[in-house]
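Here is the structure we will look at, set down as C-alpha cells.
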Amino acid sequence: MNREHNWTKITAVANIPPQEGRSVTVGEVELAIFNLHDRFVTIENRCPHKGGPLCDGIVSGTSVVCPLHGWRFDLDSGAAVRASLPACVTVFPTRVEEGIILVDPSAGRRITSEEAAA
Ligand code: FES
C-alpha cells in the first residue's frame, strides 16, 4: 500500500545521545526514540509485560532491555528477542531531516506472531 507519511517533528538529533532513548508523547501515542549511532528508531514506550518505560532501558546493539524485568526487544522489528516470548512492541517510521528527528506516529507497525517466529 502506498500512502503519504504524516511526519511529525520531534526534536534535534543532539537531544538524544548515542545509545540512549527518550520518550515523547504525540497525540495519544507515547513513543520511545533511540539513537543507534547511525540512525534513530522509534517504538512504543510501554513494555507489553507490565508497562515498563522502554525509553529508560539499556540499549545493546540494536535491541533495548526493559528496565523493570529485563525483557529485550529488537528495535528494528519490535519483536521480543527471546523466541519463547510472543510479545512485541509497535515500531514507527523514523527519519532525520536537517538535524531534526521526524516520526510518523500514525504508521506504527507491529509484527505478527507468525513473523516473529520466522
Ligand atoms: S515491564 Fe518490561 S519486562 Fe516487565
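Chain labels A, B, ... are given in the sequence in which chains occur in the C-alpha cells; within each chain residues are numbered consecutively from 1, and ligands are likewise numbered from 1 in the order shown.
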Pick out each residue of region 21-110 of chain A that DSSP on the backbone tags as strand (DSSP E); I need them as a compact mmCIF listing (two decimals) with C-alpha atoms, in the first residue's frame.
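Generated output (out-v6.txt):
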# COMPACT_ATOMS: atom_id res chain seq x y z
CA GLY A 21 16.41 6.70 24.43
CA ARG A 22 13.96 9.49 25.13
CA SER A 23 10.20 9.45 25.49
CA VAL A 24 7.81 11.81 23.76
CA THR A 25 4.04 11.83 23.56
CA VAL A 26 2.49 12.67 20.21
CA VAL A 29 0.84 7.82 21.45
CA GLU A 30 3.77 7.57 23.86
CA LEU A 31 6.92 6.90 21.88
CA ALA A 32 10.46 5.86 22.80
CA ILE A 33 13.06 7.17 20.36
CA PHE A 34 16.57 5.70 20.37
CA ASN A 35 19.87 6.85 18.93
CA PHE A 40 17.26 6.73 15.02
CA VAL A 41 14.48 4.22 15.68
CA THR A 42 11.14 4.60 17.40
CA ILE A 43 8.99 2.10 19.28
CA GLU A 44 6.05 2.40 21.64
CA ILE A 58 19.73 -0.24 28.27
CA VAL A 59 20.49 -0.19 24.55
CA SER A 60 22.71 -3.02 23.38
CA SER A 63 17.95 -4.00 20.99
CA VAL A 64 16.73 -2.49 24.25
CA VAL A 65 16.31 -4.18 27.61
CA ARG A 72 14.64 -7.50 25.44
CA PHE A 73 13.16 -6.09 22.23
CA ASP A 74 14.64 -5.74 18.77
CA VAL A 91 7.64 0.22 15.57
CA PHE A 92 7.17 3.64 13.96
CA THR A 94 11.57 7.43 11.72
CA ARG A 95 13.91 9.64 9.70
CA VAL A 96 16.19 12.64 10.10
CA GLU A 97 15.92 15.81 8.05
CA ILE A 100 15.61 17.07 13.18
CA ILE A 101 14.13 13.67 14.04
CA LEU A 102 10.78 13.03 12.36
CA VAL A 103 8.38 10.23 13.27
| task | List all protein, DNA and RNA residues that have an atom no more than 10 Å from any atom of ligand 1, counting only C-alpha atoms and all ligand atoms, and report them as a list of chain:residue names. | result |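 Using only C-alpha atoms and all ligand atoms, I find these residues within 10 Å of ligand 1: A:Arg46, A:Cys47, A:Pro48, A:His49, A:Lys50, A:Gly51, A:Gly52, A:Pro53, A:Leu54, A:Gly57, A:Val65, A:Cys66, A:Pro67, A:Leu68, A:His69, A:Gly70, A:Trp71, A:Arg72, A:Phe73.
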| Taking only C-alpha atoms into account, which of A:Gly99, A:Pro86, A:Gly78, A:Pro93 comes nearest Ile16 (chain A)? |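 The answer is A:Gly99, which sits nearest to Ile16 (chain A).
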| request: Report the distance between CA of Gln19 (chain A) and CA of Thr62 (chain A) in Å, rounded to one decimal place. | output: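 About the pair CA of Gln19 (chain A) and CA of Thr62 (chain A): they are 9.3 Å apart.
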| query | When distances are computed from only C-alpha atoms, which of A:Leu36, A:Asp76, A:Glu20, A:Arg82 shows the smallest separation from Ile111 (chain A)? | reply | A:Asp76
| query | So which residues of chain A fall under helix (DSSP H, G or I) by DSSP, listed as number ranges by chain? | reply | A: 13-15, 54-56, 113-117
| field | Top pick for closest residue to Ala87 (chain A), considering A:Asp56, A:Asn15, A:Arg110, A:Pro105 and counting only C-alpha atoms | value | A:Arg110
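The residue that comes closest to Arg39 (chain A), out of A:Leu75, A:Val89, A:Ala107, A:Val81 and on the basis of only C-alpha atoms, is A:Leu75.
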| request: For CA of Pro17 (chain A) and CA of Glu4 (chain A), quote the distance in Å rounded to one decimal. | output: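 Computed distance, CA of Pro17 (chain A) to CA of Glu4 (chain A), equals 29.4 Å.
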| said: For a test of reading the model, state the distance in Å between CA of Ala14 (chain A) and CA of Gly61 (chain A), rounded to one decimal. | reply: 19.6 Å
